[in-house]
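Trainee: Next up, input.pdb (PDB, C-alpha atoms).
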```
ATOM      1  CA  MET W   1       2.636  34.508  -3.615
ATOM      2  CA  ALA W   2       0.640  33.591  -6.691
ATOM      3  CA  ASP W   3      -2.666  31.749  -6.480
ATOM      4  CA  GLN W   4      -0.882  28.517  -7.362
ATOM      5  CA  THR W   5       1.817  27.289  -4.982
ATOM      6  CA  ASP W   6       4.370  24.988  -6.574
ATOM      7  CA  VAL W   7       5.339  22.212  -4.166
ATOM      8  CA  LEU W   8       7.817  19.413  -4.787
ATOM      9  CA  VAL W   9       7.815  16.317  -2.574
ATOM     10  CA  TYR W  10      11.181  14.559  -2.686
ATOM     11  CA  GLY W  11      11.105  11.021  -1.332
ATOM     12  CA  LEU W  12       7.896   9.119  -1.938
ATOM     13  CA  GLY W  13       8.090   6.430   0.683
ATOM     14  CA  ALA W  14       5.469   6.086   3.405
ATOM     15  CA  ILE W  15       5.869   9.538   4.975
ATOM     16  CA  GLY W  16       6.432  11.337   1.681
ATOM     17  CA  SER W  17       3.351   9.706   0.173
ATOM     18  CA  PHE W  18       1.264  10.635   3.201
ATOM     19  CA  TYR W  19       2.172  14.324   3.034
ATOM     20  CA  ALA W  20       1.934  14.392  -0.764
ATOM     21  CA  PHE W  21      -1.659  13.217  -0.303
ATOM     22  CA  ILE W  22      -2.298  15.871   2.357
ATOM     23  CA  LEU W  23      -0.883  18.640   0.160
ATOM     24  CA  SER W  24      -2.827  17.419  -2.888
ATOM     25  CA  ARG W  25      -6.067  18.190  -1.038
ATOM     26  CA  SER W  26      -5.401  21.925  -1.373
ATOM     27  CA  ASP W  27      -6.675  23.548  -4.561
ATOM     28  CA  ARG W  28      -3.819  26.042  -4.299
ATOM     29  CA  VAL W  29      -1.105  23.404  -4.602
ATOM     30  CA  ARG W  30       0.454  22.425  -7.913
ATOM     31  CA  LEU W  31       2.157  19.243  -6.743
ATOM     32  CA  THR W  32       5.164  17.524  -8.266
ATOM     33  CA  VAL W  33       6.568  14.332  -6.758
ATOM     34  CA  VAL W  34       9.934  12.701  -7.298
ATOM     35  CA  ALA W  35       9.559   8.928  -7.338
ATOM     36  CA  ARG W  36      12.746   7.029  -7.937
ATOM     37  CA  SER W  37      12.670   3.265  -7.323
ATOM     38  CA  ASN W  38       8.846   3.220  -7.212
ATOM     39  CA  TYR W  39       8.244   5.534 -10.189
ATOM     40  CA  GLU W  40       6.138   3.153 -12.299
ATOM     41  CA  ALA W  41       4.127   1.956  -9.307
ATOM     42  CA  VAL W  42       3.372   5.495  -8.176
ATOM     43  CA  ARG W  43       2.132   6.462 -11.615
ATOM     44  CA  ALA W  44      -0.090   3.376 -11.734
ATOM     45  CA  ASN W  45      -1.279   2.973  -8.157
ATOM     46  CA  HIS W  46      -1.589   6.299  -6.329
ATOM     47  CA  THR W  47      -5.204   7.179  -5.566
ATOM     48  CA  PHE W  48      -4.415  10.887  -5.882
ATOM     49  CA  HIS W  49      -2.882  12.372  -8.982
ATOM     50  CA  PRO W  50      -0.075  14.933  -8.645
ATOM     51  CA  HIS W  51       0.416  17.565 -11.303
ATOM     52  CA  ARG W  52       3.640  15.744 -12.266
ATOM     53  CA  VAL W  53       5.489  12.558 -11.336
ATOM     54  CA  VAL W  54       9.177  12.708 -12.234
ATOM     55  CA  LYS W  55      12.197  10.462 -11.732
ATOM     56  CA  SER W  56      14.684  13.250 -11.101
ATOM     57  CA  VAL W  57      14.765  16.816  -9.790
ATOM     58  CA  SER W  58      16.644  17.757 -12.965
ATOM     59  CA  GLU W  59      13.333  17.507 -14.841
ATOM     60  CA  ILE W  60      11.728  20.479 -13.071
ATOM     61  CA  SER W  61      12.125  24.223 -12.512
ATOM     62  CA  PRO W  62      12.419  25.963  -9.117
ATOM     63  CA  VAL W  63       9.425  25.641  -6.774
ATOM     64  CA  ASP W  64       7.989  27.570  -3.830
ATOM     65  CA  TYR W  65       8.380  24.685  -1.371
ATOM     66  CA  ILE W  66      10.448  21.532  -1.580
ATOM     67  CA  VAL W  67       9.401  18.921   0.980
ATOM     68  CA  CYS W  68      12.284  16.602   1.846
ATOM     69  CA  ALA W  69      10.680  13.406   3.132
ATOM     70  CA  HIS W  70      13.376  10.989   1.993
ATOM     71  CA  LYS W  71      15.319   8.795   4.377
ATOM     72  CA  ALA W  72      17.999  10.953   5.991
ATOM     73  CA  ILE W  73      20.909   9.149   4.345
ATOM     74  CA  ASP W  74      23.768  10.809   2.429
ATOM     75  CA  GLN W  75      22.290  14.258   3.125
ATOM     76  CA  ASP W  76      25.081  16.240   1.450
ATOM     77  CA  GLU W  77      24.579  14.309  -1.768
ATOM     78  CA  VAL W  78      20.809  14.856  -1.694
ATOM     79  CA  ALA W  79      21.195  18.597  -1.074
ATOM     80  CA  ALA W  80      23.341  18.837  -4.214
ATOM     81  CA  GLN W  81      20.738  16.924  -6.251
ATOM     82  CA  LEU W  82      18.030  19.400  -5.243
ATOM     83  CA  GLN W  83      19.799  22.397  -6.821
ATOM     84  CA  PRO W  84      17.589  22.573  -9.998
ATOM     85  CA  ALA W  85      14.434  22.942  -7.877
ATOM     86  CA  ILE W  86      15.718  25.771  -5.699
ATOM     87  CA  ASP W  87      16.043  29.498  -6.281
ATOM     88  CA  SER W  88      15.843  32.525  -3.968
ATOM     89  CA  ARG W  89      12.119  32.103  -3.256
ATOM     90  CA  THR W  90      12.265  28.389  -2.388
ATOM     91  CA  THR W  91      11.606  27.257   1.170
ATOM     92  CA  ILE W  92      13.027  23.855   2.123
ATOM     93  CA  VAL W  93      10.761  21.758   4.355
ATOM     94  CA  VAL W  94      12.560  18.970   6.230
ATOM     95  CA  ILE W  95      10.316  16.101   7.416
ATOM     96  CA  GLN W  96      12.790  13.524   8.704
ATOM     97  CA  ASN W  97      13.935  11.646  11.773
ATOM     98  CA  GLY W  98      17.075  12.755  13.539
ATOM     99  CA  VAL W  99      18.967  15.862  14.604
ATOM    100  CA  GLY W 100      21.307  18.039  12.596
ATOM    101  CA  ASN W 101      19.230  17.327   9.484
ATOM    102  CA  GLU W 102      19.018  20.985   8.507
ATOM    103  CA  GLU W 103      22.757  21.631   8.406
ATOM    104  CA  PRO W 104      23.556  20.130   4.959
ATOM    105  CA  PHE W 105      20.697  22.164   3.435
ATOM    106  CA  ARG W 106      21.777  25.363   5.195
ATOM    107  CA  LYS W 107      25.367  24.828   4.063
ATOM    108  CA  ARG W 108      24.342  24.263   0.426
ATOM    109  CA  PHE W 109      21.608  26.943   0.360
ATOM    110  CA  PRO W 110      22.682  29.603   2.897
ATOM    111  CA  ASP W 111      20.173  32.220   1.699
ATOM    112  CA  ASN W 112      17.031  30.061   1.786
ATOM    113  CA  SER W 113      14.440  29.562   4.502
ATOM    114  CA  ILE W 114      14.112  26.149   6.133
ATOM    115  CA  ILE W 115      11.016  24.787   7.868
ATOM    116  CA  THR W 116      11.873  21.861  10.130
ATOM    117  CA  CYS W 117       9.280  19.252  11.081
ATOM    118  CA  VAL W 118       8.874  16.283  13.405
ATOM    119  CA  THR W 119       6.169  13.835  12.374
ATOM    120  CA  TRP W 120       4.441  11.075  14.316
ATOM    121  CA  VAL W 121       2.537   9.462  11.449
ATOM    122  CA  GLY W 122       1.976   5.712  11.416
ATOM    123  CA  ALA W 123       2.488   4.752   7.777
ATOM    124  CA  THR W 124       4.126   1.852   5.954
ATOM    125  CA  GLN W 125       4.750   1.347   2.245
ATOM    126  CA  THR W 126       3.397  -2.205   1.952
ATOM    127  CA  SER W 127       4.425  -2.472  -1.712
ATOM    128  CA  PRO W 128       5.759   0.043  -4.272
ATOM    129  CA  GLY W 129       3.277   2.929  -4.525
ATOM    130  CA  ILE W 130       0.923   1.494  -1.856
ATOM    131  CA  VAL W 131       0.937   3.029   1.649
ATOM    132  CA  ALA W 132      -1.003   1.779   4.670
ATOM    133  CA  HIS W 133      -1.788   4.503   7.228
ATOM    134  CA  THR W 134      -2.793   3.832  10.840
ATOM    135  CA  LYS W 135      -4.777   6.332  12.897
ATOM    136  CA  SER W 136      -1.545   7.858  14.250
ATOM    137  CA  GLU W 137      -1.224  11.366  12.772
ATOM    138  CA  ASP W 138       0.542  14.408  14.220
ATOM    139  CA  MET W 139       3.352  16.793  13.348
ATOM    140  CA  GLN W 140       5.159  19.787  14.819
ATOM    141  CA  ILE W 141       6.619  22.434  12.518
ATOM    142  CA  GLY W 142       8.670  25.581  12.901
ATOM    143  CA  VAL W 143      11.345  27.773  11.332
ATOM    144  CA  PHE W 144      15.012  26.807  11.430
ATOM    145  CA  PRO W 145      16.087  30.448  11.782
ATOM    146  CA  ASN W 146      18.271  31.986   9.086
ATOM    147  CA  PRO W 147      19.980  35.245  10.111
ATOM    148  CA  LYS W 148      20.254  36.154   6.406
ATOM    149  CA  VAL W 149      16.453  36.196   5.971
ATOM    150  CA  GLU W 150      14.171  38.725   7.674
ATOM    151  CA  SER W 151      12.178  37.075  10.452
ATOM    152  CA  GLN W 152       8.956  38.536   9.032
ATOM    153  CA  VAL W 153       9.642  36.868   5.674
ATOM    154  CA  GLU W 154      10.389  33.538   7.333
ATOM    155  CA  GLN W 155       7.180  33.797   9.358
ATOM    156  CA  GLN W 156       5.157  34.482   6.204
ATOM    157  CA  ARG W 157       6.618  31.406   4.523
ATOM    158  CA  LEU W 158       5.878  29.298   7.592
ATOM    159  CA  ASP W 159       2.312  30.615   7.806
ATOM    160  CA  ALA W 160       1.702  29.924   4.119
ATOM    161  CA  PHE W 161       2.915  26.319   4.438
ATOM    162  CA  ALA W 162       0.833  25.849   7.585
ATOM    163  CA  ASP W 163      -2.218  26.979   5.583
ATOM    164  CA  LEU W 164      -1.519  24.258   3.011
ATOM    165  CA  LEU W 165      -1.394  21.635   5.767
ATOM    166  CA  ARG W 166      -4.553  23.058   7.318
ATOM    167  CA  ASN W 167      -6.341  22.840   3.979
ATOM    168  CA  GLY W 168      -5.158  19.238   3.769
ATOM    169  CA  LYS W 169      -6.913  18.526   7.087
ATOM    170  CA  THR W 170      -3.961  17.018   8.908
ATOM    171  CA  ARG W 171      -3.081  17.433  12.574
ATOM    172  CA  PHE W 172      -0.091  19.664  13.357
ATOM    173  CA  GLN W 173       1.172  22.403  15.656
ATOM    174  CA  VAL W 174       3.417  25.385  14.909
ATOM    175  CA  LEU W 175       6.160  25.747  17.525
ATOM    176  CA  GLU W 176       8.798  28.375  18.152
ATOM    177  CA  ASP W 177      11.713  26.097  19.138
ATOM    178  CA  MET W 178      11.667  22.929  17.061
ATOM    179  CA  GLN W 179      15.003  21.679  18.357
ATOM    180  CA  ILE W 180      13.306  20.598  21.573
ATOM    181  CA  GLN W 181      10.939  18.441  19.523
ATOM    182  CA  ARG W 182      13.760  17.082  17.369
ATOM    183  CA  TRP W 183      15.892  16.066  20.341
ATOM    184  CA  GLU W 184      12.929  14.608  22.244
ATOM    185  CA  LYS W 185      12.161  12.360  19.292
ATOM    186  CA  VAL W 186      15.803  11.414  18.829
ATOM    187  CA  VAL W 187      15.913  10.259  22.464
ATOM    188  CA  TRP W 188      13.063   7.912  21.519
ATOM    189  CA  ASN W 189      14.637   6.883  18.204
ATOM    190  CA  VAL W 190      18.132   6.285  19.570
ATOM    191  CA  ALA W 191      16.645   3.773  21.984
ATOM    192  CA  TRP W 192      14.068   1.925  19.949
ATOM    193  CA  ASN W 193      15.613   2.057  16.483
ATOM    194  CA  SER W 194      18.996   0.897  17.761
ATOM    195  CA  LEU W 195      17.831  -1.780  20.164
ATOM    196  CA  THR W 196      15.218  -3.357  17.902
ATOM    197  CA  THR W 197      17.678  -3.400  14.993
ATOM    198  CA  LEU W 198      20.614  -4.942  16.834
ATOM    199  CA  THR W 199      18.463  -7.554  18.611
ATOM    200  CA  MET W 200      15.846  -8.098  15.869
ATOM    201  CA  VAL W 201      13.104  -8.267  18.508
ATOM    202  CA  ASP W 202      10.224  -5.883  19.217
ATOM    203  CA  THR W 203      10.238  -3.330  22.026
ATOM    204  CA  GLN W 204       8.340  -5.412  24.573
ATOM    205  CA  SER W 205      10.444  -8.500  23.861
ATOM    206  CA  TRP W 206      13.550  -6.389  24.463
ATOM    207  CA  LEU W 207      12.263  -4.940  27.740
ATOM    208  CA  LYS W 208      11.310  -8.405  28.996
ATOM    209  CA  SER W 209      14.546 -10.039  27.829
ATOM    210  CA  SER W 210      16.386  -9.474  31.128
ATOM    211  CA  GLU W 211      16.347  -7.424  34.299
ATOM    212  CA  ASP W 212      19.071  -5.258  32.730
ATOM    213  CA  ALA W 213      17.106  -4.187  29.650
ATOM    214  CA  THR W 214      15.107  -1.358  31.224
ATOM    215  CA  PRO W 215      18.042   0.193  33.149
ATOM    216  CA  PHE W 216      20.146  -0.064  29.964
ATOM    217  CA  THR W 217      17.453   1.758  27.962
ATOM    218  CA  ARG W 218      17.041   4.480  30.567
ATOM    219  CA  GLN W 219      20.795   5.094  30.739
ATOM    220  CA  LEU W 220      20.972   5.298  26.941
ATOM    221  CA  MET W 221      18.177   7.879  26.920
ATOM    222  CA  GLN W 222      19.907   9.835  29.702
ATOM    223  CA  GLU W 223      23.095  10.078  27.661
ATOM    224  CA  VAL W 224      21.219  11.612  24.727
ATOM    225  CA  ILE W 225      19.431  14.044  27.050
ATOM    226  CA  ASN W 226      22.796  15.113  28.496
ATOM    227  CA  ILE W 227      24.123  15.791  24.991
ATOM    228  CA  ALA W 228      21.010  17.779  24.051
ATOM    229  CA  ARG W 229      21.424  19.941  27.137
ATOM    230  CA  GLY W 230      25.069  20.450  26.259
ATOM    231  CA  CYS W 231      23.840  21.765  22.894
ATOM    232  CA  GLY W 232      21.573  24.251  24.672
ATOM    233  CA  VAL W 233      18.351  22.289  24.185
ATOM    234  CA  PRO W 234      16.483  22.231  27.536
ATOM    235  CA  LEU W 235      14.951  18.763  27.684
ATOM    236  CA  LYS W 236      12.831  18.031  30.754
ATOM    237  CA  ASP W 237      13.970  15.906  33.683
ATOM    238  CA  ASP W 238      10.938  13.628  33.443
ATOM    239  CA  LEU W 239      11.316  12.899  29.701
ATOM    240  CA  ILE W 240      12.657   9.375  30.301
ATOM    241  CA  ASP W 241       9.673   8.495  32.492
ATOM    242  CA  GLN W 242       7.307   9.882  29.845
ATOM    243  CA  LEU W 243       8.918   7.874  27.055
ATOM    244  CA  MET W 244       9.066   4.667  29.081
ATOM    245  CA  ASP W 245       5.409   5.063  30.090
ATOM    246  CA  LYS W 246       4.561   5.583  26.424
ATOM    247  CA  ILE W 247       6.374   2.461  25.203
ATOM    248  CA  ASN W 248       4.976   0.337  28.034
ATOM    249  CA  ALA W 249       1.437   1.366  27.092
ATOM    250  CA  MET W 250       1.995   0.062  23.553
ATOM    251  CA  PRO W 251       2.178  -3.475  22.206
ATOM    252  CA  GLY W 252       5.626  -4.582  21.100
ATOM    253  CA  ILE W 253       6.682  -2.696  17.986
ATOM    254  CA  GLY W 254       9.648  -2.745  15.644
ATOM    255  CA  SER W 255      11.178   0.358  14.101
ATOM    256  CA  SER W 256      11.865   1.922  10.724
ATOM    257  CA  MET W 257      15.568   1.153  11.151
ATOM    258  CA  GLN W 258      14.797  -2.485  11.880
ATOM    259  CA  THR W 259      12.618  -2.625   8.747
ATOM    260  CA  ASP W 260      15.413  -1.113   6.657
ATOM    261  CA  CYS W 261      17.884  -3.616   8.074
ATOM    262  CA  LYS W 262      15.610  -6.578   7.353
ATOM    263  CA  SER W 263      15.133  -5.284   3.812
ATOM    264  CA  GLY W 264      18.854  -4.836   3.226
ATOM    265  CA  ARG W 265      18.621  -1.045   2.891
ATOM    266  CA  PRO W 266      21.043   1.580   4.285
ATOM    267  CA  MET W 267      19.919   2.897   7.658
ATOM    268  CA  GLU W 268      19.475   6.394   9.123
ATOM    269  CA  ILE W 269      22.395   5.998  11.491
ATOM    270  CA  ASP W 270      24.102   9.359  11.085
ATOM    271  CA  VAL W 271      21.201  11.679  11.952
ATOM    272  CA  ILE W 272      19.911   9.466  14.781
ATOM    273  CA  LEU W 273      23.186   8.408  16.437
ATOM    274  CA  GLY W 274      26.107   9.959  14.543
ATOM    275  CA  PHE W 275      25.252  13.617  15.118
ATOM    276  CA  PRO W 276      24.719  13.141  18.910
ATOM    277  CA  VAL W 277      27.971  11.146  19.123
ATOM    278  CA  ARG W 278      29.917  13.906  17.363
ATOM    279  CA  LYS W 279      28.398  16.524  19.666
ATOM    280  CA  SER W 280      29.249  14.438  22.749
ATOM    281  CA  ARG W 281      32.876  14.298  21.631
ATOM    282  CA  GLU W 282      32.999  18.027  20.867
ATOM    283  CA  LEU W 283      31.510  18.871  24.260
ATOM    284  CA  GLY W 284      33.425  16.281  26.287
ATOM    285  CA  ILE W 285      30.226  14.542  27.431
ATOM    286  CA  GLN W 286      30.610  10.853  28.234
ATOM    287  CA  ALA W 287      28.157   8.633  26.320
ATOM    288  CA  PRO W 288      29.529   5.051  26.374
ATOM    289  CA  PHE W 289      26.212   3.270  25.669
ATOM    290  CA  LEU W 290      25.448   5.554  22.714
ATOM    291  CA  GLU W 291      28.976   5.257  21.296
ATOM    292  CA  THR W 292      28.874   1.456  21.505
ATOM    293  CA  LEU W 293      25.564   1.204  19.651
ATOM    294  CA  TYR W 294      26.787   3.661  17.022
ATOM    295  CA  VAL W 295      29.929   1.623  16.325
ATOM    296  CA  LEU W 296      27.958  -1.639  16.078
ATOM    297  CA  LEU W 297      25.279  -0.169  13.806
ATOM    298  CA  ARG W 298      27.877   1.329  11.480
ATOM    299  CA  ALA W 299      29.281  -2.149  10.966
ATOM    300  CA  VAL W 300      25.818  -3.542  10.201
ATOM    301  CA  ASP W 301      25.131  -0.642   7.843
ATOM    302  CA  GLY W 302      28.441  -1.207   6.092
ATOM    303  CA  ARG W 303      27.517  -4.839   5.505
ATOM    304  CA  LEU W 304      24.137  -3.824   4.041
ATOM    305  CA  ARG W 305      25.683  -1.236   1.717
ATOM    306  CA  ALA W 306      28.360  -3.654   0.516
ATOM    307  CA  ALA W 307      25.701  -6.225  -0.394
ATOM    308  CA  ARG W 308      23.658  -3.838  -2.561
TER     309      ARG W 308
END
```
As structure tokens, how would this structure be written, given the file I've shared?
Mentor:
Amino acid sequence: MADQTDVLVYGLGAIGSFYAFILSRSDRVRLTVVARSNYEAVRANHTFHPHRVVKSVSEISPVDYIVCAHKAIDQDEVAAQLQPAIDSRTTIVVIQNGVGNEEPFRKRFPDNSIITCVTWVGATQTSPGIVAHTKSEDMQIGVFPNPKVESQVEQQRLDAFADLLRNGKTRFQVLEDMQIQRWEKVVWNVAWNSLTTLTMVDTQSWLKSSEDATPFTRQLMQEVINIARGCGVPLKDDLIDQLMDKINAMPGIGSSMQTDCKSGRPMEIDVILGFPVRKSRELGIQAPFLETLYVLLRAVDGRLRAAR
């Protein structure tokens, strides 16, 4: 790889802005960012200055890494839009909520390497181009294996990207099986994104709303764990206890899905609930709580999309 590493960050919301900032700290990175709705604000307000700020991927040539930090909505359409930035050397880095996120990129770009990531960064875009970051900062990364690419080549691409993150001084771990991390987080997100969005209350208000709220939440989590295991992902028996202990140690919080709903934006329903629902049906695993929430949220999402 040349001294300069060309990196494109697609999706400059809170998470995309955070990792664009991290990557900009490395002298090796020649950073391009795609800012769509917040293009003018990003050019005016960002405290770091990328090599280029563009409105569309069509304005650039292929890059070494393309970091997909956009909301995981209409993934097939996004994968098609990324075509001008991708050639044989490009590694696609997926930093998104949900499960099954990699599949549209693998389908569109079957010969490229994919690095899949789960992030736990507390960040909110308070206004266009302005991001507030809390002290929460962690990420797990690993290869989404491609049988068409030599494992040694994939490892080199992973190591090189890890070096960029290390130079950016952010907290992360490299893991061998990222699907465990993805499904663990989706157990969390299925519960708290769905329940805070449909009730429009925070997590503690939900848990205190009735004696049925906690058993309902635990059963919902158990359904997702059962589906993950059916997919060959060995989630631990005590995961529900861990996640409930974690939420009970926190003040009441909302969720990114609740924020999107309040703002009238489409929501990340498919990768958080839709993919597990489809897998449950394929595998014959009963998931009545999950299916009910999925049907209700699709109706809410349809209303939001129709109003745009």
Trainee: Please determine, counting all atoms listed in the file, which residue among W:Tyr65, W:Ala307, W:Val34, W:Pro288 has the shortest atom-to-atom distance to Leu164 in chain W.
Mentor: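 Looking only at the distances to Leu164 in chain W, the closest residue turns out to be W:Tyr65.
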Trainee: Rounded to one decimal place, report the CA of Ser58 in chain W-CA of Arg308 in chain W distance in Å.
Mentor: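 Separation of CA of Ser58 in chain W and CA of Arg308 in chain W: 25.0 Å.
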Trainee: Tell me, as JSON, numbers by chain, which residues lie within 8 Å of range 95-103 of chain W, counting all atoms listed in the file; anything in the same chain fewer than 2 positions away does not count.
Mentor: {"W": [67, 68, 69, 70, 71, 72, 75, 93, 105, 106, 107, 114, 116, 117, 118, 119, 144, 179, 182, 183, 185, 186, 189, 271, 272, 275, 276]}
Trainee: Take the residues just selected and output them with C-alpha atoms as a PDB file, in the coordinates of the input.
Mentor:
```
ATOM      1  CA  VAL W  67       9.401  18.921   0.980  1.00  0.00           C
ATOM      2  CA  CYS W  68      12.284  16.602   1.846  1.00  0.00           C
ATOM      3  CA  ALA W  69      10.680  13.406   3.132  1.00  0.00           C
ATOM      4  CA  HIS W  70      13.376  10.989   1.993  1.00  0.00           C
ATOM      5  CA  LYS W  71      15.319   8.795   4.377  1.00  0.00           C
ATOM      6  CA  ALA W  72      17.999  10.953   5.991  1.00  0.00           C
ATOM      7  CA  GLN W  75      22.290  14.258   3.125  1.00  0.00           C
ATOM      8  CA  VAL W  93      10.761  21.758   4.355  1.00  0.00           C
ATOM      9  CA  PHE W 105      20.697  22.164   3.435  1.00  0.00           C
ATOM     10  CA  ARG W 106      21.777  25.363   5.195  1.00  0.00           C
ATOM     11  CA  LYS W 107      25.367  24.828   4.063  1.00  0.00           C
ATOM     12  CA  ILE W 114      14.112  26.149   6.133  1.00  0.00           C
ATOM     13  CA  THR W 116      11.873  21.861  10.130  1.00  0.00           C
ATOM     14  CA  CYS W 117       9.280  19.252  11.081  1.00  0.00           C
ATOM     15  CA  VAL W 118       8.874  16.283  13.405  1.00  0.00           C
ATOM     16  CA  THR W 119       6.169  13.835  12.374  1.00  0.00           C
ATOM     17  CA  PHE W 144      15.012  26.807  11.430  1.00  0.00           C
ATOM     18  CA  GLN W 179      15.003  21.679  18.357  1.00  0.00           C
ATOM     19  CA  ARG W 182      13.760  17.082  17.369  1.00  0.00           C
ATOM     20  CA  TRP W 183      15.892  16.066  20.341  1.00  0.00           C
ATOM     21  CA  LYS W 185      12.161  12.360  19.292  1.00  0.00           C
ATOM     22  CA  VAL W 186      15.803  11.414  18.829  1.00  0.00           C
ATOM     23  CA  ASN W 189      14.637   6.883  18.204  1.00  0.00           C
ATOM     24  CA  VAL W 271      21.201  11.679  11.952  1.00  0.00           C
ATOM     25  CA  ILE W 272      19.911   9.466  14.781  1.00  0.00           C
ATOM     26  CA  PHE W 275      25.252  13.617  15.118  1.00  0.00           C
ATOM     27  CA  PRO W 276      24.719  13.141  18.910  1.00  0.00           C
TER      28      PRO W 276
END
```
Trainee: Select, from W:Ile247, W:Leu283, W:Leu198, W:Met257, the residue with the minimum atom-to-atom distance to Gly232 in chain W, counting all atoms listed in the file.
Mentor: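 Ranking W:Ile247, W:Leu283, W:Leu198, W:Met257 by distance to Gly232 in chain W, first place goes to W:Leu283.
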Trainee: When you look at Gln222 in chain W with a cut-off of 12 Å (counting only C-alpha atoms), what residues show up, excluding the ones that are within fewer than 2 positions of it in the same chain? I need them as a PyMOL selection string.
Mentor: chain W and resi 183-184+186-188+190-191+215-220+224-229+235-241+243+285-290
Trainee: Put those residues in a file: C-alpha atoms, as a PDB file, in the coordinates of the input.
Mentor:
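out10.pdb written:
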```
ATOM      1  CA  TRP W 183      15.892  16.066  20.341  1.00  0.00           C
ATOM      2  CA  GLU W 184      12.929  14.608  22.244  1.00  0.00           C
ATOM      3  CA  VAL W 186      15.803  11.414  18.829  1.00  0.00           C
ATOM      4  CA  VAL W 187      15.913  10.259  22.464  1.00  0.00           C
ATOM      5  CA  TRP W 188      13.063   7.912  21.519  1.00  0.00           C
ATOM      6  CA  VAL W 190      18.132   6.285  19.570  1.00  0.00           C
ATOM      7  CA  ALA W 191      16.645   3.773  21.984  1.00  0.00           C
ATOM      8  CA  PRO W 215      18.042   0.193  33.149  1.00  0.00           C
ATOM      9  CA  PHE W 216      20.146  -0.064  29.964  1.00  0.00           C
ATOM     10  CA  THR W 217      17.453   1.758  27.962  1.00  0.00           C
ATOM     11  CA  ARG W 218      17.041   4.480  30.567  1.00  0.00           C
ATOM     12  CA  GLN W 219      20.795   5.094  30.739  1.00  0.00           C
ATOM     13  CA  LEU W 220      20.972   5.298  26.941  1.00  0.00           C
ATOM     14  CA  VAL W 224      21.219  11.612  24.727  1.00  0.00           C
ATOM     15  CA  ILE W 225      19.431  14.044  27.050  1.00  0.00           C
ATOM     16  CA  ASN W 226      22.796  15.113  28.496  1.00  0.00           C
ATOM     17  CA  ILE W 227      24.123  15.791  24.991  1.00  0.00           C
ATOM     18  CA  ALA W 228      21.010  17.779  24.051  1.00  0.00           C
ATOM     19  CA  ARG W 229      21.424  19.941  27.137  1.00  0.00           C
ATOM     20  CA  LEU W 235      14.951  18.763  27.684  1.00  0.00           C
ATOM     21  CA  LYS W 236      12.831  18.031  30.754  1.00  0.00           C
ATOM     22  CA  ASP W 237      13.970  15.906  33.683  1.00  0.00           C
ATOM     23  CA  ASP W 238      10.938  13.628  33.443  1.00  0.00           C
ATOM     24  CA  LEU W 239      11.316  12.899  29.701  1.00  0.00           C
ATOM     25  CA  ILE W 240      12.657   9.375  30.301  1.00  0.00           C
ATOM     26  CA  ASP W 241       9.673   8.495  32.492  1.00  0.00           C
ATOM     27  CA  LEU W 243       8.918   7.874  27.055  1.00  0.00           C
ATOM     28  CA  ILE W 285      30.226  14.542  27.431  1.00  0.00           C
ATOM     29  CA  GLN W 286      30.610  10.853  28.234  1.00  0.00           C
ATOM     30  CA  ALA W 287      28.157   8.633  26.320  1.00  0.00           C
ATOM     31  CA  PRO W 288      29.529   5.051  26.374  1.00  0.00           C
ATOM     32  CA  PHE W 289      26.212   3.270  25.669  1.00  0.00           C
ATOM     33  CA  LEU W 290      25.448   5.554  22.714  1.00  0.00           C
TER      34      LEU W 290
END
```
Trainee: Please enumerate the residues selected by the PyMOL selection byres ((chain W and resi 262) around 12) when evaluated against the supplied file, formatted as an MDAnalysis selection string.
Mentor: chainID W and resid 196:201 254:261 263:267 300:301 304
Trainee: Could you tell me how far CA of Asp163 in chain W sits from CA of Asn112 in chain W, in Å to one decimal place?
Mentor: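 Answer for the CA of Asn112 in chain W to CA of Asp163 in chain W separation: 19.9 Å.
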Trainee: Between CA of Arg30 in chain W and CA of Val9 in chain W, what is the distance, to one decimal in Å?
Mentor: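 Value for the CA of Arg30 in chain W-CA of Val9 in chain W distance: 11.0 Å.
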Trainee: Counting only C-alpha atoms, select every polymer residue within 10 Å of (15.9, 28.4, -5.1) as defined in the file's coordinates, and provide the selection as a VMD selection string.
Mentor: chain W and resid 61 to 66 82 to 92 109 111 to 113
Trainee: Which of these, W:Thr203, W:Ser194, W:Ser210, W:Asn248, has the shortest distance to Arg298 in chain W once you count only C-alpha atoms?
Mentor: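 Closest to Arg298 in chain W of all the choices is W:Ser194.
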Trainee: Please write the residues picked by the PyMOL selection byres ((chain W and resi 147-149) around 9) on this file as a list in words.
Mentor: Pro110, Asp111, Asn112, Ser113, Pro145, Asn146, Glu150, Ser151, Gln152, Val153 and Glu154 of chain W
Trainee: May I have the residues at most 10 Å from (-6.1, 19.1, -1.3) in the file's coordinates, counting only C-alpha atoms, as a compact mmCIF listing (two decimals) with C-alpha atoms, in the frame of the given file?
Mentor:
```txt
# COMPACT_ATOMS: atom_id res chain seq x y z
CA ALA W 20 1.93 14.39 -0.76
CA PHE W 21 -1.66 13.22 -0.30
CA ILE W 22 -2.30 15.87 2.36
CA LEU W 23 -0.88 18.64 0.16
CA SER W 24 -2.83 17.42 -2.89
CA ARG W 25 -6.07 18.19 -1.04
CA SER W 26 -5.40 21.92 -1.37
CA ASP W 27 -6.68 23.55 -4.56
CA ARG W 28 -3.82 26.04 -4.30
CA VAL W 29 -1.10 23.40 -4.60
CA ARG W 30 0.45 22.42 -7.91
CA LEU W 31 2.16 19.24 -6.74
CA PHE W 48 -4.42 10.89 -5.88
CA LEU W 164 -1.52 24.26 3.01
CA LEU W 165 -1.39 21.64 5.77
CA ARG W 166 -4.55 23.06 7.32
CA ASN W 167 -6.34 22.84 3.98
CA GLY W 168 -5.16 19.24 3.77
CA LYS W 169 -6.91 18.53 7.09
```
